[in-house]
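Engineer: My file is start.cif. It has mmCIF, C-alpha atoms and all ligand atoms:
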```cif
data_query
loop_
_atom_site.label_atom_id
_atom_site.label_comp_id
_atom_site.auth_asym_id
_atom_site.auth_seq_id
_atom_site.Cartn_x
_atom_site.Cartn_y
_atom_site.Cartn_z
CA MET A 1 -148.49 214.32 148.80
CA ALA A 2 -147.30 216.47 151.71
CA ASP A 3 -147.29 219.63 149.60
CA LEU A 4 -150.78 219.13 148.17
CA VAL A 5 -152.70 222.40 148.41
CA PRO A 6 -156.31 221.33 148.90
CA TYR A 7 -158.81 222.88 146.56
CA HIS A 8 -160.94 224.31 149.37
CA ASP A 9 -158.06 226.32 150.81
CA ARG A 10 -156.70 228.52 148.06
CA ASP A 11 -156.58 232.19 147.22
CA GLY A 12 -158.74 233.61 144.46
CA GLN A 13 -162.38 234.01 143.54
CA ILE A 14 -165.06 231.57 142.47
CA TRP A 15 -168.25 232.50 140.64
CA LEU A 16 -171.15 231.11 142.68
CA ASP A 17 -174.81 231.59 141.78
CA GLY A 18 -174.36 234.88 140.00
CA LYS A 19 -171.42 236.53 141.71
CA LEU A 20 -167.74 236.22 142.47
CA VAL A 21 -167.08 235.18 146.06
CA PRO A 22 -163.80 234.65 147.94
CA TRP A 23 -162.47 231.18 147.04
CA ARG A 24 -162.74 229.77 150.58
CA ASP A 25 -166.39 230.92 150.90
CA ALA A 26 -167.64 228.86 147.91
CA LYS A 27 -169.16 226.13 150.13
CA LEU A 28 -172.24 223.95 150.20
CA HIS A 29 -174.10 221.96 152.85
CA VAL A 30 -173.52 218.22 153.43
CA LEU A 31 -177.23 217.60 152.81
CA THR A 32 -176.96 218.64 149.17
CA HIS A 33 -178.83 216.44 146.72
CA ALA A 34 -175.93 216.33 144.26
CA LEU A 35 -173.54 214.88 146.85
CA HIS A 36 -175.88 211.99 147.68
CA TYR A 37 -177.54 211.32 144.34
CA ALA A 38 -175.00 212.62 141.77
CA SER A 39 -177.43 215.21 140.42
CA ALA A 40 -174.62 217.30 139.00
CA VAL A 41 -173.10 217.99 135.62
CA PHE A 42 -169.85 219.78 134.91
CA GLU A 43 -167.47 221.01 132.23
CA GLY A 44 -163.72 221.05 131.80
CA GLU A 45 -162.30 223.89 129.73
CA ARG A 46 -158.86 225.29 129.06
CA ALA A 47 -157.87 228.89 128.48
CA TYR A 48 -154.82 229.58 126.35
CA SER A 49 -153.37 233.10 126.39
CA GLY A 50 -156.49 234.27 128.22
CA GLU A 51 -159.04 232.81 125.73
CA ILE A 52 -161.16 229.79 126.65
CA PHE A 53 -160.96 227.34 123.73
CA LYS A 54 -164.43 226.54 122.27
CA LEU A 55 -166.10 228.15 125.27
CA THR A 56 -169.61 228.31 123.83
CA GLU A 57 -169.51 224.63 122.78
CA HIS A 58 -168.59 223.72 126.36
CA THR A 59 -171.34 225.92 127.78
CA GLN A 60 -173.94 224.45 125.42
CA ARG A 61 -172.89 220.95 126.43
CA LEU A 62 -173.25 221.93 130.10
CA VAL A 63 -176.75 223.33 129.57
CA GLU A 64 -177.82 220.31 127.52
CA GLY A 65 -176.28 217.92 130.04
CA ALA A 66 -178.30 219.58 132.80
CA ARG A 67 -181.47 219.14 130.72
CA THR A 68 -180.63 215.46 130.31
CA LEU A 69 -180.43 215.30 134.12
CA ASP A 70 -183.88 216.97 134.11
CA PHE A 71 -182.93 220.40 135.37
CA GLU A 72 -182.56 223.84 133.82
CA ILE A 73 -179.54 225.99 134.68
CA PRO A 74 -180.98 229.42 135.57
CA TYR A 75 -178.53 231.31 133.32
CA SER A 76 -178.33 231.67 129.55
CA VAL A 77 -175.42 230.33 127.50
CA ALA A 78 -174.24 233.93 126.96
CA GLU A 79 -174.37 234.63 130.71
CA ILE A 80 -172.42 231.47 131.51
CA ASP A 81 -169.83 232.28 128.83
CA ALA A 82 -169.39 235.77 130.34
CA ALA A 83 -169.11 234.33 133.85
CA CYS A 84 -166.38 231.87 132.72
CA ARG A 85 -164.40 234.74 131.19
CA ASP A 86 -164.89 236.84 134.36
CA VAL A 87 -163.52 234.03 136.53
CA VAL A 88 -160.36 233.71 134.42
CA LYS A 89 -159.82 237.47 134.51
CA ALA A 90 -160.67 237.95 138.20
CA ASN A 91 -158.06 235.35 139.15
CA GLY A 92 -155.41 236.94 136.95
CA LEU A 93 -155.07 233.71 134.94
CA VAL A 94 -153.88 233.42 131.35
CA ASP A 95 -153.31 229.69 130.74
CA CYS A 96 -155.59 227.72 133.00
CA TYR A 97 -158.31 225.11 133.45
CA VAL A 98 -161.92 226.23 133.96
CA ARG A 99 -164.46 224.11 135.82
CA PRO A 100 -168.15 225.07 135.69
CA ILE A 101 -170.49 222.78 137.66
CA ALA A 102 -174.28 222.80 138.03
CA TRP A 103 -176.10 220.83 140.71
CA ARG A 104 -179.28 220.27 142.69
CA GLY A 105 -179.22 221.94 146.11
CA SER A 106 -180.39 221.03 149.60
CA GLU A 107 -184.13 221.79 149.56
CA GLN A 108 -185.09 218.11 149.35
CA MET A 109 -183.27 215.03 150.55
CA GLY A 110 -184.50 211.89 148.84
CA VAL A 111 -184.52 210.46 145.37
CA SER A 112 -187.15 212.97 144.28
CA ALA A 113 -185.83 216.50 144.15
CA GLN A 114 -188.36 218.34 142.01
CA GLN A 115 -188.30 221.46 144.21
CA SER A 116 -184.55 221.70 144.60
CA LYS A 117 -182.78 224.89 143.64
CA ILE A 118 -180.27 224.65 140.81
CA HIS A 119 -176.86 226.08 141.51
CA LEU A 120 -173.97 226.96 139.24
CA ALA A 121 -170.36 227.53 140.24
CA ILE A 122 -167.33 228.28 138.08
CA ALA A 123 -163.74 227.99 139.26
CA ALA A 124 -160.45 228.33 137.40
CA TRP A 125 -156.89 227.43 138.29
CA SER A 126 -153.47 226.97 136.74
CA TRP A 127 -153.10 223.44 135.48
CA GLY A 128 -150.22 222.19 133.39
CA SER A 129 -149.99 218.90 131.56
CA TYR A 130 -152.58 216.30 132.64
CA PHE A 131 -149.91 213.60 132.39
CA ASP A 132 -146.27 213.74 133.46
CA PRO A 133 -144.79 216.01 130.71
CA ALA A 134 -141.69 213.81 130.27
CA GLU A 135 -143.80 210.67 129.86
CA ARG A 136 -146.36 212.47 127.71
CA LEU A 137 -144.09 212.98 124.70
CA ARG A 138 -142.73 209.43 124.87
CA GLY A 139 -146.26 208.13 125.13
CA ILE A 140 -148.13 207.15 128.28
CA ARG A 141 -148.67 203.60 129.44
CA MET A 142 -152.26 202.41 129.82
CA THR A 143 -153.84 199.28 131.19
CA HIS A 144 -157.23 197.68 130.53
CA ALA A 145 -160.17 198.79 132.66
CA LYS A 146 -162.64 196.33 134.16
CA TYR A 147 -165.68 198.59 134.30
CA ARG A 148 -167.37 199.35 131.01
CA ARG A 149 -169.04 202.46 129.63
CA PRO A 150 -172.75 201.98 130.22
CA ASP A 151 -175.51 201.42 127.71
CA PRO A 152 -177.29 204.78 127.03
CA LEU A 153 -180.44 202.97 128.25
CA THR A 154 -178.70 202.52 131.63
CA ALA A 155 -177.30 206.02 132.21
CA PRO A 156 -177.10 209.42 130.42
CA ALA A 157 -173.89 208.10 128.89
CA LYS A 158 -173.09 210.96 126.53
CA THR A 159 -173.08 213.79 129.10
CA LYS A 160 -170.49 215.00 131.60
CA ALA A 161 -172.76 213.93 134.46
CA ALA A 162 -170.84 213.60 137.72
CA GLY A 163 -172.19 210.09 138.37
CA LEU A 164 -170.52 208.67 135.28
CA TYR A 165 -167.12 209.44 136.80
CA MET A 166 -167.53 206.97 139.67
CA ILE A 167 -166.14 204.16 137.50
CA CYS A 168 -163.54 206.49 135.96
CA THR A 169 -162.01 207.31 139.37
CA LEU A 170 -162.01 203.61 140.29
CA GLU A 171 -160.26 202.67 137.05
CA LYS A 172 -157.78 205.55 137.19
CA HIS A 173 -156.84 204.55 140.74
CA ARG A 174 -156.44 200.92 139.76
CA ALA A 175 -154.24 201.91 136.80
CA GLU A 176 -152.09 204.25 138.90
CA ALA A 177 -151.67 201.63 141.61
CA GLN A 178 -150.14 199.36 138.94
CA GLY A 179 -147.84 202.09 137.59
CA TYR A 180 -149.96 203.02 134.57
CA ALA A 181 -151.13 206.52 133.66
CA ASP A 182 -154.67 205.56 132.60
CA ALA A 183 -156.98 202.74 131.56
CA LEU A 184 -158.76 201.87 128.33
CA MET A 185 -162.46 201.26 128.89
CA LEU A 186 -164.61 199.08 126.69
CA ASP A 187 -168.30 199.80 126.32
CA TRP A 188 -171.18 197.66 127.55
CA ARG A 189 -171.01 195.56 124.34
CA GLY A 190 -167.25 194.97 124.63
CA HIS A 191 -166.22 197.50 121.96
CA VAL A 192 -163.23 199.81 122.50
CA ALA A 193 -164.68 203.03 123.94
CA GLU A 194 -162.45 205.65 125.61
CA CYS A 195 -160.25 206.34 128.63
CA THR A 196 -161.22 207.61 132.07
CA GLY A 197 -161.20 211.24 130.89
CA ALA A 198 -160.28 211.31 127.21
CA ASN A 199 -161.23 209.86 123.81
CA ILE A 200 -158.95 207.51 121.87
CA PHE A 201 -157.51 207.43 118.34
CA LEU A 202 -155.52 204.62 116.73
CA VAL A 203 -153.47 204.69 113.53
CA LYS A 204 -153.13 202.05 110.84
CA ASP A 205 -151.65 202.45 107.34
CA GLY A 206 -151.70 206.25 107.52
CA ALA A 207 -155.35 206.46 108.58
CA LEU A 208 -157.01 207.35 111.88
CA HIS A 209 -159.49 205.01 113.51
CA THR A 210 -161.65 206.06 116.44
CA PRO A 211 -164.69 204.47 118.08
CA THR A 212 -168.13 205.78 117.13
CA PRO A 213 -169.26 207.85 120.15
CA ASP A 214 -172.67 206.22 120.58
CA CYS A 215 -172.40 205.56 124.34
CA PHE A 216 -169.70 207.93 125.58
CA LEU A 217 -168.77 211.59 125.32
CA ASP A 218 -168.20 212.84 121.77
CA GLY A 219 -165.43 215.12 123.04
CA ILE A 220 -164.87 218.63 121.78
CA THR A 221 -161.16 217.80 121.40
CA ARG A 222 -162.08 214.62 119.50
CA ARG A 223 -164.12 216.62 117.02
CA THR A 224 -161.36 219.23 116.73
CA VAL A 225 -158.74 216.54 116.02
CA ILE A 226 -160.98 214.91 113.39
CA GLY A 227 -161.22 218.33 111.68
CA LEU A 228 -157.45 218.80 111.83
CA ALA A 229 -156.85 215.33 110.39
CA LYS A 230 -159.27 215.97 107.53
CA SER A 231 -157.57 219.26 106.69
CA ARG A 232 -154.31 217.28 106.38
CA ASP A 233 -156.05 214.69 104.18
CA ILE A 234 -155.52 212.02 106.82
CA PRO A 235 -158.45 209.58 106.40
CA VAL A 236 -160.62 209.22 109.54
CA HIS A 237 -162.67 206.09 110.19
CA GLU A 238 -165.26 206.39 112.97
CA ARG A 239 -166.30 202.83 113.51
CA THR A 240 -166.69 199.94 115.90
CA ILE A 241 -163.25 198.85 117.10
CA MET A 242 -162.93 195.48 118.77
CA PRO A 243 -160.29 194.86 121.47
CA ASP A 244 -158.72 192.03 119.44
CA GLU A 245 -157.81 194.62 116.80
CA LEU A 246 -155.61 196.60 119.18
CA SER A 247 -152.47 194.74 118.10
CA SER A 248 -153.00 195.79 114.46
CA PHE A 249 -152.39 199.53 115.01
CA SER A 250 -149.02 201.29 114.85
CA GLU A 251 -149.77 204.50 116.78
CA CYS A 252 -152.24 205.49 119.47
CA PHE A 253 -153.09 208.73 121.21
CA ILE A 254 -155.78 210.07 123.49
CA VAL A 255 -157.46 213.45 123.35
CA GLY A 256 -159.40 215.68 125.71
CA THR A 257 -159.46 219.21 127.04
CA ALA A 258 -157.23 218.25 129.96
CA ALA A 259 -155.18 215.58 128.13
CA GLU A 260 -154.93 217.69 124.94
CA VAL A 261 -153.28 215.25 122.48
CA THR A 262 -151.27 212.65 124.41
CA PRO A 263 -149.46 209.81 122.63
CA VAL A 264 -149.81 206.29 124.09
CA ARG A 265 -146.98 203.78 123.96
CA GLU A 266 -148.66 200.85 125.61
CA ILE A 267 -152.13 199.46 126.24
CA GLY A 268 -151.58 196.37 128.35
CA GLU A 269 -149.88 193.82 126.10
CA HIS A 270 -149.98 196.10 123.00
CA ASN A 271 -147.14 198.46 122.12
CA TYR A 272 -147.26 201.57 119.96
CA GLN A 273 -144.64 203.92 118.64
CA PRO A 274 -145.68 207.59 118.79
CA GLY A 275 -145.04 208.51 115.14
CA ARG A 276 -145.72 210.95 112.35
CA ILE A 277 -149.50 211.14 112.63
CA SER A 278 -149.56 211.51 116.42
CA GLU A 279 -146.86 214.17 116.26
CA THR A 280 -148.55 216.05 113.42
CA LEU A 281 -151.91 216.17 115.19
CA LEU A 282 -150.34 217.05 118.54
CA THR A 283 -148.52 219.98 116.92
CA ASP A 284 -151.59 221.03 114.91
CA TYR A 285 -153.80 220.88 118.01
CA MET A 286 -151.43 222.97 120.09
CA ALA A 287 -151.17 225.50 117.24
CA LYS A 288 -154.97 225.59 116.90
CA VAL A 289 -155.51 226.32 120.61
CA GLY A 290 -152.68 228.83 120.56
CA ALA A 291 -150.35 226.97 122.94
CA LYS A 292 -146.73 225.94 122.72
CA VAL A 293 -145.80 222.23 122.77
N1 LIG A 301 -164.33 211.30 127.73
C1 LIG A 301 -164.38 211.58 129.05
C2 LIG A 301 -164.89 210.52 129.99
C3 LIG A 301 -163.98 212.84 129.52
O1 LIG A 301 -164.04 213.11 130.83
C4 LIG A 301 -163.49 213.79 128.60
C5 LIG A 301 -163.03 215.12 129.08
N2 LIG A 301 -164.10 216.02 129.15
C6 LIG A 301 -163.46 213.46 127.24
C7 LIG A 301 -163.88 212.20 126.84
C8 LIG A 301 -162.98 214.44 126.22
O2 LIG A 301 -163.90 215.50 126.09
P1 LIG A 301 -163.47 216.96 125.68
O3 LIG A 301 -162.56 216.82 124.52
O4 LIG A 301 -164.74 217.63 125.33
O5 LIG A 301 -162.78 217.56 126.84
#
```
Could the structure of this file be written out as structure tokens, please?
Structural biologist:
Amino acid sequence: MADLVPYHDRDGQIWLDGKLVPWRDAKLHVLTHALHYASAVFEGERAYSGEIFKLTEHTQRLVEGARTLDFEIPYSVAEIDAACRDVVKANGLVDCYVRPIAWRGSEQMGVSAQQSKIHLAIAAWSWGSYFDPAERLRGIRMTHAKYRRPDPLTAPAKTKAAGLYMICTLEKHRAEAQGYADALMLDWRGHVAECTGANIFLVKDGALHTPTPDCFLDGITRRTVIGLAKSRDIPVHERTIMPDELSSFSECFIVGTAAEVTPVREIGEHNYQPGRISETLLTDYMAKVGAKV
């Protein structure tokens, strides 16, 4: 922990409300609506060899997520795409993570914030494997989460709204405190849903099984992996998966922009052996994004 370089104190440039500013100047006031009321939505993107993978899909999701939170980002998708590319270039990055975030400002402090200004910032930084690279290829160990993904009638469950990550941080911390890398979350009905920052796939008899994304993020990586599986003639079943089925699968892996394709060797009492299908899709995904495994 001693050598942590805090994110507010780094060199580089951040795009803030229309222009690049020195990294340390990209600040906001403590009386910002988003900080108190979670009126913020963000993206997580990765650039490989200088190109942001599926950039426009990420930007569209950001803009639509903001609309779901009842605000309009004051930039077009094309302008946001260009700004993301500018940030990568201005920081001299080639392989990196990109984090756009849109939020309600400080004009009003209270639940109502109809007059608040909408801000957009985009930062980028070098970021290697989301999980310990040694552990990643052997498969990570996951535990079971206590909190559940909410009913879409309870929260805007299918967006990357900041507020939805409150339970993800709690579960990730609880998992890490017990020596696990992540936690499997069920949804509000008790169906298998996803992890704290990635979607899940399970393998049985040569076929992929993944939960239907009706109350959690239908990840861009998830959709990419489904496409890769189909082009290999691996059958894909998007369906309700119950927790008591977890022992019936042979392989498991999780997918997301940050996690990429990460095999899982354990979910609580269930053990998996990262095998042919996980390895094939991991290799195919890394080839598709233009990265090396
Ligand atoms: N679920 C959650 C909760 C996430 O945070 C992420 C990462 N954005 C994903 C799934 C995977 O989404 P994507 O593949 O679009 O990164």
Engineer: Taking all atoms listed in the file into account, report as a VMD selection string which residues have an atom no farther than 10 Å from an atom of ligand LIG 301 (chain A).
Structural biologist: chain A and resid 42 to 46 54 57 to 58 61 149 157 to 162 164 to 165 167 to 168 185 193 to 200 213 216 to 225 254 to 261
Engineer: Could you tell me how far atom CA of A:Asn91 lies from atom CA of A:Gly12, in Å and to one decimal?
Structural biologist: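 Those two atoms sit 5.6 Å apart.
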Engineer: Kindly give the distance, in Å, that separates atom CA of A:Glu266 and atom CA of A:Asp187, rounded to a single decimal.
Structural biologist: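 Straight-line distance from atom CA of A:Glu266 to atom CA of A:Asp187 works out to 19.7 Å.
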Engineer: When you draw a straight line from atom CA of A:Gln108 to atom CA of A:Ala26, how long is it in Å?
Structural biologist: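 Straight-line distance from atom CA of A:Gln108 to atom CA of A:Ala26 works out to 20.5 Å.
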Engineer: Within 9 Å of A:Pro156, counting all atoms listed in the file, which residues show up once you throw out same-chain ones fewer than 6 positions away? Write them as a list in words, please.
Structural biologist: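 Non-adjacent residues within range: Gly65, Thr68, Leu69, Pro150, Leu164, Cys215 and Phe216 of chain A.
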Engineer: Kindly indicate which residue among A:Gly268, A:Gly50, A:Gly139, A:Gly163 lies nearest to A:Asp95, using only C-alpha atoms for the distances.
Structural biologist: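 The shortest atom-to-atom distance to A:Asp95 comes from A:Gly50.
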Engineer: Pick from A:Arg265, A:Lys230, A:His8, A:Lys117: nearest to A:Asp25, with all atoms listed in the file counted?
Structural biologist: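 For A:Asp25, the nearest of the given residues is A:His8.
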Engineer: Between A:Leu120, A:Val77, A:Leu228, A:Leu208, which one has atoms that come closest to A:Ala34, using only C-alpha atoms?
Structural biologist: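 Looking at the shortest contact to A:Ala34, the residue is A:Leu120.
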Engineer: Need the shell around stretch 81-85 of chain A: protein/DNA/RNA residues with any atom at most 12 Å away, counting all atoms listed in the file. Skip same-chain ones fewer than 2 positions apart. Format as JSON, numbers by chain?
Structural biologist: {"A": [13, 14, 15, 16, 17, 18, 19, 20, 43, 44, 45, 46, 47, 48, 50, 51, 52, 53, 54, 55, 56, 57, 58, 59, 60, 61, 62, 63, 75, 76, 77, 78, 79, 87, 88, 89, 90, 91, 92, 93, 94, 96, 97, 98, 99, 100, 101, 120, 121, 122, 123, 124, 125]}
Engineer: Go through A:His144, A:Arg24, A:Val30, A:Leu202 and flag the residue nearest A:Pro6, using all atoms listed in the file for the distances.
Structural biologist: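 Ranked by minimum distance to A:Pro6, first place goes to A:Arg24.
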Engineer: Rank A:Ile234, A:Ala155, A:Leu28, A:Leu281 by their smallest atom-to-atom distance to A:Asp205, using all atoms listed in the file, and report the top residue only.
Structural biologist: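 Closest candidate: A:Ile234.
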Engineer: Of the candidates A:Ser129, A:Ser116, A:Asp214, A:His270, which shows the shortest atom-to-atom distance to A:Leu153, using all atoms listed in the file?
Structural biologist: A:Asp214
Engineer: Go ahead and fit an axis-aligned box to every listed atom of stretch 91-97 of chain A plus 3 Å each side, and pass me the centre and edge lengths in Å, one decimal, as JSON.
Structural biologist:
```
{"center_x": -155.8, "center_y": 231.0, "center_z": 134.9, "size_x": 11.0, "size_y": 17.8, "size_z": 14.4}
```
